[in-house]
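Undergrad: Encoded as structure tokens, here's the structure I'll be asking about.
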Amino acid sequence: MIDVPTLVEQAREGRPRAVARLISLVEGASPQLREVMAALAPLSGKAYVVGLTGSPGVGKSTSTSALVTAYRRLGKRVGVLAVDPSSPFSGGALLGDRVRMQEHATDPEVFIRSMATRGHLGGLAWSAPQAIRVLDAAGCDVILVETVGVGQSEVEIAAQADTTVVLLAPGMGDGIQAAKAGILEIGDVYVVNKADRDGADATARELNHMLGLGEARQAGDWRPPIVKTVAAKQEGIDEVVEALEKHLAWMAGNGELAARRVRRAAQEVEAIAVTALRQRFGDVHGDKHLDALARRVADGELDPYAAADQLIAAVTG
Ligand SMILES: Nc1nc2c(ncn2[C@@H]2O[C@H](COP(=O)(O)OP(=O)(O)OP(=O)(O)O)[C@@H](O)[C@H]2O)c(=O)[nH]1
Ligand SMILES: [Mg+2]
């Protein structure tokens, strides 16, 4: 058994090994998570959570590393969470990221963790917020969350950040047209990376046009800025930080920040509850109660809805 209070205290002091162990507990869906989260709850809510998303190879890891550099110059403690929702293995895809993050590896004010969700049910919906809570409690001012892999998970991660950065690059497929339509709805800040390559201006223009379509903004609404960067050379990164700070101030000023955090907590709670219910239903499978109900339904004695009601009552009672 792990001594949770000691581990939490050590994480609070910013000890990397304690932070790593707590995130491993999240990754492994440890039964001790209940105790860990109870201890962390009063310590969290201070960090600014930024999600980075975009097609493979667009420069998410390079940009994350460049943002770490920029935030460190501002004296901030930074957490980086690389999440791989698609793979059950934490090595592989994240290996390249480790190399990219190498320059920060010895900085005691930077915490870099990668996490695979090992395919557990509703994995990302609760595991990412919990890993974020660990980094938050460890005193990170900013937490950068990079998702590896594409698809629905991008949108899922975006829902969990305070601010979502969508990255694009020139010459990747057909630019924005190729980008999934959903990406135009989730970005708070857009970055056209690899601006050292041909076509960056065109990509930015096209993006600007697409973002303007269907625009019915009112005074005080947020208009997502578009920033051009060469992340590999740290160019434009200060402008990204500036855009992030503006978005944070905008959200803090109108209640949006609190609203987003409530949404994030709601998703997490729901995912935990659904997981718990699924588990109980799993226990019910092959259970005598279900057998008895099923027999009555098969015999036409009971309708399936009434039987389901009885099963739910048995599982939640
Ligand atoms: N020319 C140029 N290359 C860049 C720039 N930023 C990143 N790259 C290169 O683009 C490649 C992919 O960068 P990554 O940061 O690994 O991209 P990623 O989005 O994290 O990739 P995945 O995690 O695999 O989806 C690397 O070879 C980088 O060196 C840039 O600003 N300009
Ligand atoms: Mg990457």
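For the structure tokens, the naming scheme is as follows: chains receive sequential letters (A, B, ...) according to their order of presentation, residues are indexed from 1 within each chain, and ligands are indexed from 1 in presentation order.
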Mind listing the residues within 7 Å of ligand 1, only C-alpha atoms and all ligand atoms counted, as a list in words?
TA: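 Using only C-alpha atoms and all ligand atoms, I find these residues within 7 Å of ligand 1: Gly54, Ser55, Pro56, Gly57, Val58, Gly59, Lys60, Ser61, Thr62, Ser63, Ala93, Gly96, Asp97, Val148, Gly149, Asn193, Lys194, Ala195, Asp196, Arg197, Thr229, Val230, Ala231, Ala232 and Lys233 of chain A.
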Undergrad: For each of A:Pro31, A:Ala159, A:Met210, A:Leu43, take the minimum atom-to-atom distance to A:Glu13, counting only C-alpha atoms, then give the residue where this is smallest.
TA: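 Distance minimum relative to A:Glu13 lands on A:Leu43.
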Undergrad: Taking only C-alpha atoms and all ligand atoms into account, which of A:Asp136, A:Arg295, A:Ser24, A:Thr53 comes nearest ligand 2?
TA: A:Thr53
Undergrad: Using DSSP assignments from the backbone, pull out every residue in stretch 175-287 of chain A that falls under alpha helix (DSSP H) and give it to me as an NGL selection string.
TA: :A and (175-178 or 183-186 or 200-212 or 237-254 or 256-284)
Undergrad: May I ask which of the residues A:Glu206, A:Asp107, A:Glu9, A:Glu146 is the closest one to ligand 2, counting only C-alpha atoms and all ligand atoms?
TA: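 Smallest distance to ligand 2 is found for A:Glu146.
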Undergrad: Quick one: pull the distance between atom CA of A:Gly187 and atom CA of A:Thr164, Å, one decimal.
TA: 5.3 Å
Undergrad: Closest to ligand 2 among A:Leu211, A:Ala82, A:Ala131, A:Ala70, using only C-alpha atoms and all ligand atoms?
TA: A:Ala82
Undergrad: May I have the residues within 12 Å of stretch 247-254 of chain A as number ranges by chain, using only C-alpha atoms and disregarding those fewer than 3 positions away in the same chain?
TA: A: 47-50, 142, 161-165, 187-190, 220-225, 240-244, 257-261
Undergrad: What is the distance between atom CA of A:Leu22 and atom CA of A:Thr147, in Å to one decimal?
TA: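 Between atom CA of A:Leu22 and atom CA of A:Thr147 the gap works out to 19.8 Å.
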Undergrad: Please extract the residues of stretch 127-307 of chain A with a backbone DSSP assignment of strand (DSSP E) and present them as a CSV table (one decimal) with C-alpha atoms, in the first residue's frame.
TA:
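Result file is part-v6.csv:
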chain,number,residue,atom,x,y,z
A,142,VAL,CA,0.7,26.7,-16.3
A,143,ILE,CA,-0.1,23.2,-17.5
A,144,LEU,CA,0.4,22.4,-21.2
A,145,VAL,CA,-1.6,19.4,-22.4
A,146,GLU,CA,-0.5,17.9,-25.7
A,147,THR,CA,-2.6,15.1,-27.2
A,163,THR,CA,-7.7,27.6,-23.4
A,164,THR,CA,-7.4,25.5,-26.5
A,165,VAL,CA,-4.6,26.2,-29.0
A,166,VAL,CA,-5.1,24.7,-32.5
A,167,LEU,CA,-2.0,24.4,-34.5
A,168,LEU,CA,-1.8,24.3,-38.3
A,189,VAL,CA,-6.0,30.7,-30.2
A,190,TYR,CA,-4.8,29.5,-33.7
A,191,VAL,CA,-1.2,29.0,-34.5
A,192,VAL,CA,0.2,28.7,-38.0
A,226,ILE,CA,-4.1,33.8,-35.4
A,227,VAL,CA,-0.4,33.8,-34.6
A,228,LYS,CA,2.4,32.7,-37.0
Undergrad: Might you pull out every residue within 8 Å of A:Val8, with only C-alpha atoms counted and same-chain residues fewer than 5 positions away left off, and present them as a list in words?
TA: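 Those residues are Ala18, Leu22, Val36, Ala39 and Leu40 of chain A.
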Undergrad: Given the selection you just returned, output its residues as a file containing N, CA and C atoms, formatted as a PDB file, in the first residue's frame.
TA:
ATOM      1  N   ALA A  18       7.458  12.155  -6.507  1.00  0.00           N
ATOM      2  CA  ALA A  18       6.114  12.018  -5.940  1.00  0.00           C
ATOM      3  C   ALA A  18       5.062  12.360  -6.995  1.00  0.00           C
ATOM      4  N   LEU A  22       2.189   9.748  -8.408  1.00  0.00           N
ATOM      5  CA  LEU A  22       0.752  10.045  -8.378  1.00  0.00           C
ATOM      6  C   LEU A  22       0.145   9.922  -9.777  1.00  0.00           C
ATOM      7  N   VAL A  36      -6.359   9.698  -2.997  1.00  0.00           N
ATOM      8  CA  VAL A  36      -5.466  10.717  -3.561  1.00  0.00           C
ATOM      9  C   VAL A  36      -6.262  11.973  -3.931  1.00  0.00           C
ATOM     10  N   ALA A  39      -7.406  14.080  -1.094  1.00  0.00           N
ATOM     11  CA  ALA A  39      -6.317  14.891  -0.538  1.00  0.00           C
ATOM     12  C   ALA A  39      -5.956  16.058  -1.450  1.00  0.00           C
ATOM     13  N   LEU A  40      -6.117  15.860  -2.758  1.00  0.00           N
ATOM     14  CA  LEU A  40      -5.705  16.900  -3.710  1.00  0.00           C
ATOM     15  C   LEU A  40      -6.776  17.971  -3.920  1.00  0.00           C
TER      16      LEU A  40
END
Undergrad: Can you pull out the residues contacting A:Ala41? Cut-off 12 Å, using only C-alpha atoms, and skip same-chain residues under 4 positions away; I want them as a PyMOL selection string.
TA: chain A and resi 8+33-37+45-46+129-130+132-134+136-137+265
Undergrad: Filtering to C-alpha atoms, could you give me those residues as a PDB file, in the first residue's frame?
TA:
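To be explicit, this is the file written out as out34.pdb:
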ATOM      1  CA  VAL A   8       0.693  14.135  -1.566  1.00  0.00           C
ATOM      2  CA  LEU A  33      -7.145   7.280  -6.410  1.00  0.00           C
ATOM      3  CA  ARG A  34     -10.188   8.007  -4.295  1.00  0.00           C
ATOM      4  CA  GLU A  35      -7.920   8.811  -1.360  1.00  0.00           C
ATOM      5  CA  VAL A  36      -5.466  10.717  -3.561  1.00  0.00           C
ATOM      6  CA  MET A  37      -8.172  12.912  -5.090  1.00  0.00           C
ATOM      7  CA  GLY A  45      -7.769  25.137  -9.107  1.00  0.00           C
ATOM      8  CA  LYS A  46      -4.810  27.474  -9.347  1.00  0.00           C
ATOM      9  CA  PRO A 129      -8.403  16.003 -15.231  1.00  0.00           C
ATOM     10  CA  GLN A 130      -6.893  13.916 -12.461  1.00  0.00           C
ATOM     11  CA  ILE A 132      -3.944  17.897 -14.258  1.00  0.00           C
ATOM     12  CA  ARG A 133      -4.991  18.049 -10.605  1.00  0.00           C
ATOM     13  CA  VAL A 134      -1.721  16.389  -9.562  1.00  0.00           C
ATOM     14  CA  ASP A 136      -1.819  21.754 -10.175  1.00  0.00           C
ATOM     15  CA  ALA A 137      -1.273  20.644  -6.581  1.00  0.00           C
ATOM     16  CA  ALA A 265     -15.594  18.837 -13.450  1.00  0.00           C
TER      17      ALA A 265
END
Undergrad: Could you please determine the separation between atom CA of A:Val83 and atom CA of A:Met115 in Å, to one decimal place?
TA: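 Answer for the atom CA of A:Val83 to atom CA of A:Met115 separation: 5.0 Å.
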